[in-house]
Amino acid sequence: MRTLGLYLLALQQGATGPDPASSDVLSLIARSGPVARIVLAMLVLFSVVSWGIVAYKWVEFRRVRRQSAAFLDVFRRSTKFSEVQAVCRTLTDSPLVGLFTAGYAELNTQLRGASGGAAGEGRTSPANPRPTLRSLDAVDRALMRAAGVEVTKLERRVGFLATTASITPFIGLFGTVWGIMTAFQGIGATGSTNLAVVAPGIAEALIATAAGLFAAIPAVYFYNHFTHQVKLFATELDDFALEFLNICERNFT
Amino acid sequence: MHDAVSHALVARGRPPRGFDRMLGASLAAHAVLIAALALGPRPATTVEPDEREVMTISLGGAPGPRAGGMTALGGRPVQAVAPPAAKPEPAQAPAERQPAMVEPTRAAPKPKPTPPETVAAPVEQSPGRTPTKGAEVRPGSALAFTGGQGIGVGLSTGGGGTGGEISLGDFCCPDYLQAMLAAVQQNWNSRQQVAGRTTIKFTVVRDGRITNVEVARPSGFAVLDFTAQRAVMAARLPPLPAAYTNPSLTIHLTFEYQR
């Protein structure tokens with residue numbers, strides 16, 4: 001948050017320094033009033049934050065996909081939960097790791113309580129005496145809790161994209177309406193309907209709408225993209241939870 | 001109470017780091033975009049003076065309102081000279097009213113002298129007489145030729161597209177048009193061997209230079225087009241008046257040639 005404040009400060013400094021030798025769009029902004037500047041600064045801020053979220057989520061989801069694939073590979077090849085547990089420390093970004101960790105912790109607690117010795121020796125090794133689970137439902141609940149935590153983590157900050165997508169067009173529209181109001185006041189003050197009087201005000205006003213759409217359109221696209229990704233991950237989590245439960249039921253009951 | 005599952009979940013709940021870095025990258029991308037917008041090539045519309053106002057004037061033909069000839073001053077009636085105040089007539093007694101009908105007297109040998117009747121009722125005046133209020137000023141039908149030239153031109157505004165004709169009263173400076181027409185007419189010989197009509201389009205920029213002279217509607221005779229074009233190019237114009245706010249004035253000038 002502190003860095004965010006610094007960014008905002010830098011942004012405003014950049015926005016309020018009108019450059020006399022600038023091109024048309026920037027000179028329009030330099031000529032515009034305080035309301036238009038605030039609106040534009042807000043829109044740029046929304047755009048910066050939402051693009052930051054897009055990049056962050058993009059990288060995170062790519063890493064999640066890669067690590068989940070690696071984790072599933074390890075999980076299906078290994079014969080002992082403890083082996084998988086060792087791999088988990090290197091694949092911390094996969095949500096399946098979270099599920100596995102929670103399930104394994106629950107499993108370990110139950111087995112340790114039952115036999116008193118080291119538990120969770122493996123899913124195929126015939127222990128002697130064979131450890132049994134008291135409650136499979138408890139493992140299921142632990143997996144569900146873990147799935148909730150993981151999905152929440154995946155969905156984190158994606159909601160801001162939806163906010164950006166729905167708010168920024170309205171902010172831009174507000175700036176445009178305000179600018180056109182000012183332009184009409186200018187018409188009333190000068191008493192002339194000359195295009196040279198009216199046009200700069202309207203052009204200046206329309207920049208706000210353009211900026212709003214500029215911030216909103218990518219936000220809409222990436223919000224849909226990321227929610228779809230999260231849905232896919234949630235399906236994968238459910239699938240893994242059922243698989244884990246199956247293994248538990250097969251080996252420990 | 002220690003729960004291994006909760007412990008694991010709390011440890012998992014922390015989001016991956018790196019958001020600040022991505023935010024910084026996004027900010028840098030925006031800064032680059034805005035800088036590119038600022039330093040990028042200017043749009044072509046700013047290089048060329050745009051045609052904010054287009055004016056269509058015809059030159060040549062019979063002298064008259066359409067050609068910048070001598071016209072009545074705005075077509076408005078001029079105030080007539082008031083007639084000298086008539087001498088007030090001396091007050092006169094109103095004429096007596098004639099009786100509407102007189103019965104013919106067949107035999108009136110001896111007119112009986114009747115004493116003149118004293119009229120008790122107020123004397124009725126003959127209709128159609130209103131008291132005068134002195135000399136009255138009323139508009140006359142005379143048109144004063146002041147030597148000034150009216151311009152029968154219409155303006156059409158609009159940036160190179162459609163534009164409605166606006167009346168001359170909306171254009172700020174008819175005097176400037178007068179000067180321009182005179183300057184063009186100096187260099188123009190309307191008497192060529194053929195009759196025709198050509199329209200030249202040109203743009204007057206703020207300091208009075210004439211640019212973009214081109215034939216908008218050719219007459220079909222190259223001589224006529226060349227003559228008109230040369231007349232426009234040779235004209236020296238004063239700078240655009242300050243009351244005219246646009247940076248340039250684009251004019252369609254129609255030359256009418258007579259044989």
# chains A, B, ... in the order shown; residues from 1 in each chain; ligands from 1
$ closest_atom_pairs --of "chain A" --to "chain B" --cutoff "7 Å" --atoms "only C-alpha atoms" --output "tab-separated table"
residue	atom	partner	partner_atom	distance
A:Ser22	CA	B:Ala38	CA	5.7
A:Ser23	CA	B:Ala38	CA	5.5
A:Leu26	CA	B:Ala38	CA	6.3
A:Val48	CA	B:Leu27	CA	5.5
A:Val49	CA	B:Leu23	CA	6.2
A:Trp51	CA	B:Ser26	CA	5.7
A:Gly52	CA	B:Leu23	CA	4.2
A:Ala55	CA	B:Met22	CA	6.1
A:Tyr56	CA	B:Met22	CA	5.6
A:Gly98	CA	B:Arg12	CA	6.1
A:Thr101	CA	B:Ala8	CA	6.5
A:Ala102	CA	B:Val5	CA	5.0
A:Ala105	CA	B:Val5	CA	5.5
A:Glu106	CA	B:Val5	CA	5.8
A:Ala142	CA	B:Val5	CA	6.6
A:Ala146	CA	B:Leu9	CA	6.2
A:Val149	CA	B:Gly13	CA	6.2
A:Lys153	CA	B:Pro15	CA	6.2
A:Ala196	CA	B:Asn246	CA	6.8
$ select_by_dssp --residues "segment 38-128 of chain A" --states "alpha helix (DSSP H)" --output "PyMOL selection string"
chain A and resi 38-77+81-88+95-115
$ residues_around --residues "Ala216 of chain B" --least-positions-apart "6" --cutoff "6 Å" --atoms "only C-alpha atoms" --output "JSON, numbers by chain"
{"B": [199, 200, 201]}
